[in-house]
Amino acid sequence: MIAAGESAARPDPRSFGIYVHWPFCRSKCPYCDFNSHVREAIDEGAWTRALLQTLDRQAGEIGARRSVGSVFFGGGTPSLMSPRSVGAVLDRIARHWQLGADAEVTLEANPTSVEAEKFLGFGAAGVNRVSLGVQSFDEQALHFLGRQHSAGEARAAINLAAGHFARFSFDLIYARPGQSVAEWEAELCGALDFATDHLSLYQLTVEPGTAFHAQHARGDFAVPQDGLAADLYEATQAQLEARLMPAYEVSNHARPGAECRHNLLYWRYGDYVGVGPGAHGRLTLGGTKVATRQKKAPESWLADIQAGGDGMEERLEIDPQERLLELVMMGLRLAEGVPRARFLRECGAPPEDLLDAPALARLEGFVVLDQAGLRATKAGRQRLNSVLATLLA
């Protein structure tokens with residue numbers, strides 16, 4: 001068991017991460033397209049046992065030689081889990097693999113007062129980093145976003161997290177309907193009084209299948225047009241850079257050394273196991289990269305596990321072209337980009353042999369390919385979808 005508050009050093013490159021999905025929420029936010037569900041009653045013991053069984057099956061395939069550099073409890077709302085369940089999962093991970101004192105263990109939490117009171121228990125269970133879904137400090141915005149907490153509760157939860165965990169972060173959503181650059185700058189300035197070393201900032205997007213999608217289609221609200229959205233993004237970058245928390249990824253800012261190690265694992269195309277309904281994984285086994293996806297519907301996943309199955313919906317070998325696409329799509333989100341060594345490791349060739357030279361020429365000013373590797377410029381990261389569409393066509 002790792003102790004809460006211990007430092008999160010750079011992990012062994014041979015290590016892998018584990019993502020644990022808890023699919024339940026108290027309510028469904030109107031912007032959310034994650035695999036999250038509201039249920040009247042949950043048998044937490046049954047769900048915890050199923051997670052443990054899934055880890056047991058994964059251990060049989062991966063073996064015990066590798067170490068776990070990070071664990072991430074996501075959802076849904078994993079702070080609805082009891083500290084006992086979180087501790088049981090971490091104990092099972094430590095039984096199967098090496099889980100060192102420097103491993104990063106993150107748990108996503110909602111800043112309601114009831115869940116925040118669990119922080120002491122989560123820390124004792126082994127969590128050493130929390131990520132709070134604040135989304136805004138404006139009461140009207142919180143109501144629009146369907147959040148169940150107040151701005152005051154959010155501030156109290158952040159202060160409590162700072163007292164219990166060496167590392168914490170929180171999320172904000174901007175580019176909301178009617179939001180001006182000046183209003184966002186003022187809100188962000190206030191938020192930075194609480195952010196110590198990490199902050200996640202997401203522009204509001206309207207995703208299919210969400211309540212916002214139907215409302216937006218009816219004309220109930222409008223999101224900022226491209227020009228205003230770009231101004232909001234640039235104002236965000238300027239303010240965070242001035243506070244020495246530059247963007248290390250498109251939507252994530254941190255002081256040097258305080259980046260989320262688990263998310264870096266995704267963007268650096270490292271190995272990770274996904275357990276729980278709908279959880280994805282990427283594993284390198286015998287030189288082959290394998291993509292896994294667990295059954296999405298919570299009850300179907302649980303029934304399969306209880307019947308002796310592995311909960312798996314899909315398991316595919318990633319072919320060389322798809323491996324290149326995933327490597328570039330994930331890596332260009334990072335300010336550091338994709339190093340040459342990663343192209344060689346994952347694709348067996350340097351980037352010049354893998355990428356289309358005319359496309360690279362058309363993207364001058366938006367991407368750079370040099371001796372370090374391939375990376376998007378600031379302008380390129382701001383237009384990343386268009387850059388990727390051109391580069392990977």
# chains A, B, ... in the order shown; residues from 1 in each chain; ligands from 1

$ select_by_dssp --residues "range 182-356 of chain A" --states "strand (DSSP E or B)" --output "PyMOL selection string"
chain A and resi 198-203+247-249+252-254+272-275+280-285+288-294+312-317+334+338-339

$ residues_around --residues "Phe170 in chain A" --least-positions-apart "5" --cutoff "10 Å" --atoms "only C-alpha atoms" --output "PDB file with C-alpha atoms, in the first residue's frame"
ATOM      1  CA  GLU A 108     -11.919  11.812  -9.591  1.00  0.00           C
ATOM      2  CA  ALA A 109     -14.293  13.474  -7.129  1.00  0.00           C
ATOM      3  CA  ASN A 110     -17.288  15.753  -7.109  1.00  0.00           C
ATOM      4  CA  PRO A 111     -16.950  18.649  -4.670  1.00  0.00           C
ATOM      5  CA  VAL A 130      -7.532  13.899  -6.506  1.00  0.00           C
ATOM      6  CA  SER A 131      -9.121  15.563  -9.510  1.00  0.00           C
ATOM      7  CA  LEU A 132     -12.176  17.657  -8.662  1.00  0.00           C
ATOM      8  CA  GLY A 133     -14.992  18.274 -11.145  1.00  0.00           C
ATOM      9  CA  VAL A 134     -15.564  21.914 -10.219  1.00  0.00           C
ATOM     10  CA  GLN A 135     -16.453  23.140 -13.772  1.00  0.00           C
ATOM     11  CA  SER A 136     -17.176  26.723 -12.644  1.00  0.00           C
ATOM     12  CA  ALA A 154     -16.276  23.769  -4.572  1.00  0.00           C
ATOM     13  CA  ILE A 158     -10.454  22.309  -2.858  1.00  0.00           C
ATOM     14  CA  ALA A 191      -9.700  30.076  -9.890  1.00  0.00           C
ATOM     15  CA  PHE A 194      -6.909  27.914  -5.588  1.00  0.00           C
ATOM     16  CA  ALA A 195      -4.861  26.028  -8.199  1.00  0.00           C
ATOM     17  CA  HIS A 198      -2.365  21.575 -12.077  1.00  0.00           C
ATOM     18  CA  LEU A 199      -5.537  22.760 -13.807  1.00  0.00           C
ATOM     19  CA  SER A 200      -7.699  21.228 -16.576  1.00  0.00           C
ATOM     20  CA  LEU A 201      -9.598  23.693 -18.777  1.00  0.00           C
TER      21      LEU A 201
END

$ closest_residue --among "A:Thr54, A:Gln215, A:Ser70, A:Asn35" --to "Asp271 in chain A" --atoms "only C-alpha atoms"
A:Ser70

$ residues_around --residues "Val114 in chain A" --least-positions-apart "3" --cutoff "12 Å" --atoms "only C-alpha atoms" --output "list of chain:residue names"
A:Arg26, A:Ser79, A:Leu80, A:Met81, A:Ser82, A:Ala109, A:Asn110, A:Pro111, A:Glu117, A:Lys118, A:Phe119, A:Gln148, A:His149, A:Glu153, A:Ala154, A:Ala156, A:Ala157

$ select_by_dssp --residues "range 226-335 of chain A" --states "alpha helix (DSSP H)" --output "PyMOL selection string"
chain A and resi 226-242+261-267+298-306+320-331

$ write_last_selection --atoms "C-alpha atoms" --output "compact mmCIF listing (two decimals), in the first residue's frame"
# COMPACT_ATOMS: atom_id res chain seq x y z
CA ASP A 226 -14.95 30.12 -33.89
CA GLY A 227 -13.51 33.62 -33.58
CA LEU A 228 -14.64 34.12 -29.98
CA ALA A 229 -13.69 30.54 -29.08
CA ALA A 230 -10.17 31.23 -30.38
CA ASP A 231 -9.96 34.46 -28.37
CA LEU A 232 -11.05 32.59 -25.23
CA TYR A 233 -8.43 29.91 -25.86
CA GLU A 234 -5.65 32.46 -26.39
CA ALA A 235 -6.64 34.39 -23.27
CA THR A 236 -6.49 31.13 -21.33
CA GLN A 237 -3.00 30.31 -22.56
CA ALA A 238 -1.72 33.81 -21.81
CA GLN A 239 -3.01 33.83 -18.24
CA LEU A 240 -1.74 30.34 -17.39
CA GLU A 241 1.68 30.98 -18.92
CA ALA A 242 1.95 34.15 -16.84
CA ARG A 261 1.40 10.96 -14.98
CA HIS A 262 -1.49 8.67 -15.80
CA ASN A 263 -2.84 10.91 -18.56
CA LEU A 264 0.69 11.37 -19.90
CA LEU A 265 0.77 7.60 -20.26
CA TYR A 266 -2.18 7.79 -22.68
CA TRP A 267 -0.74 10.65 -24.70
CA PRO A 298 -22.91 -1.74 -16.50
CA GLU A 299 -25.32 -4.58 -15.78
CA SER A 300 -24.14 -6.59 -18.79
CA TRP A 301 -20.54 -6.19 -17.67
CA LEU A 302 -21.35 -7.25 -14.12
CA ALA A 303 -23.41 -10.27 -15.24
CA ASP A 304 -20.57 -11.45 -17.48
CA ILE A 305 -18.02 -11.20 -14.66
CA GLN A 306 -20.31 -13.00 -12.22
CA PRO A 320 0.79 -0.88 -38.18
CA GLN A 321 -1.23 1.89 -39.88
CA GLU A 322 -3.67 2.20 -36.99
CA ARG A 323 -0.75 2.20 -34.58
CA LEU A 324 0.75 5.17 -36.41
CA LEU A 325 -2.60 7.00 -36.40
CA GLU A 326 -3.06 6.51 -32.66
CA LEU A 327 0.54 7.47 -31.91
CA VAL A 328 0.25 10.77 -33.78
CA MET A 329 -3.29 11.61 -32.68
CA MET A 330 -2.39 11.20 -29.04
CA GLY A 331 1.14 12.59 -29.16

$ atom_distance --atom1 "CA of Pro339 in chain A" --atom2 "CA of Gly286 in chain A"
22.6 Å

$ atom_distance --atom1 "CA of Ala357 in chain A" --atom2 "CA of Asp370 in chain A"
13.1 Å

$ residues_around --residues "range 280-284 of chain A" --least-positions-apart "2" --cutoff "10 Å" --atoms "only C-alpha atoms" --output "MDAnalysis selection string"
chainID A and resid 16:21 62 266 269:278 286:296 312:318 346

$ residues_around --residues "Leu354 in chain A" --least-positions-apart "4" --cutoff "9 Å" --atoms "only C-alpha atoms" --output "MDAnalysis selection string"
chainID A and resid 324 343 347 349:350

$ write_last_selection --atoms "N, CA and C atoms" --output "mmCIF file, in the first residue's frame"
data_model
loop_
_atom_site.group_PDB
_atom_site.id
_atom_site.type_symbol
_atom_site.label_atom_id
_atom_site.label_comp_id
_atom_site.auth_asym_id
_atom_site.auth_seq_id
_atom_site.Cartn_x
_atom_site.Cartn_y
_atom_site.Cartn_z
ATOM 1 N N LEU A 324 0.218 3.850 -36.066
ATOM 2 C CA LEU A 324 0.753 5.170 -36.414
ATOM 3 C C LEU A 324 -0.291 6.252 -36.166
ATOM 4 N N PHE A 343 8.487 6.871 -32.474
ATOM 5 C CA PHE A 343 8.158 6.374 -33.824
ATOM 6 C C PHE A 343 8.883 5.061 -34.088
ATOM 7 N N CYS A 347 6.507 2.005 -34.478
ATOM 8 C CA CYS A 347 6.266 1.808 -35.908
ATOM 9 C C CYS A 347 7.473 1.275 -36.663
ATOM 10 N N ALA A 349 10.156 2.750 -37.750
ATOM 11 C CA ALA A 349 10.747 3.611 -38.776
ATOM 12 C C ALA A 349 10.718 5.053 -38.296
ATOM 13 N N PRO A 350 11.582 5.919 -38.862
ATOM 14 C CA PRO A 350 11.553 7.338 -38.504
ATOM 15 C C PRO A 350 10.324 8.024 -39.103
#

$ residues_around --residues "Asn385 in chain A" --least-positions-apart "2" --cutoff "12 Å" --atoms "only C-alpha atoms" --output "PDB file with C-alpha atoms, in the first residue's frame"
ATOM      1  CA  VAL A 250      -4.245  20.899 -25.258  1.00  0.00           C
ATOM      2  CA  VAL A 328       0.253  10.769 -33.784  1.00  0.00           C
ATOM      3  CA  MET A 329      -3.293  11.613 -32.681  1.00  0.00           C
ATOM      4  CA  MET A 330      -2.388  11.197 -29.036  1.00  0.00           C
ATOM      5  CA  LEU A 332       0.364  15.844 -30.959  1.00  0.00           C
ATOM      6  CA  ARG A 333      -1.928  16.816 -28.098  1.00  0.00           C
ATOM      7  CA  PHE A 366       1.370  24.310 -37.499  1.00  0.00           C
ATOM      8  CA  ALA A 376       2.449  20.796 -33.119  1.00  0.00           C
ATOM      9  CA  ALA A 379      -1.119  27.540 -33.449  1.00  0.00           C
ATOM     10  CA  GLY A 380      -1.293  23.904 -34.492  1.00  0.00           C
ATOM     11  CA  ARG A 381      -2.583  22.715 -31.104  1.00  0.00           C
ATOM     12  CA  GLN A 382      -5.282  25.374 -31.266  1.00  0.00           C
ATOM     13  CA  ARG A 383      -6.426  23.858 -34.589  1.00  0.00           C
ATOM     14  CA  VAL A 387      -4.040  19.533 -38.450  1.00  0.00           C
ATOM     15  CA  LEU A 388      -4.692  15.841 -37.815  1.00  0.00           C
ATOM     16  CA  ALA A 389      -7.192  15.630 -40.660  1.00  0.00           C
ATOM     17  CA  THR A 390      -4.548  16.982 -43.070  1.00  0.00           C
ATOM     18  CA  LEU A 391      -1.640  14.997 -41.684  1.00  0.00           C
ATOM     19  CA  LEU A 392      -3.419  11.646 -41.430  1.00  0.00           C
ATOM     20  CA  ALA A 393      -5.644  11.811 -44.512  1.00  0.00           C
TER      21      ALA A 393
END

$ closest_residue --among "A:Pro246, A:Gly69, A:Pro83, A:Gly126" --to "Gln98 in chain A" --atoms "only C-alpha atoms"
A:Gly69

$ closest_residue --among "A:Arg65, A:Arg49, A:Arg255, A:His216" --to "Val86 in chain A" --atoms "only C-alpha atoms"
A:Arg49
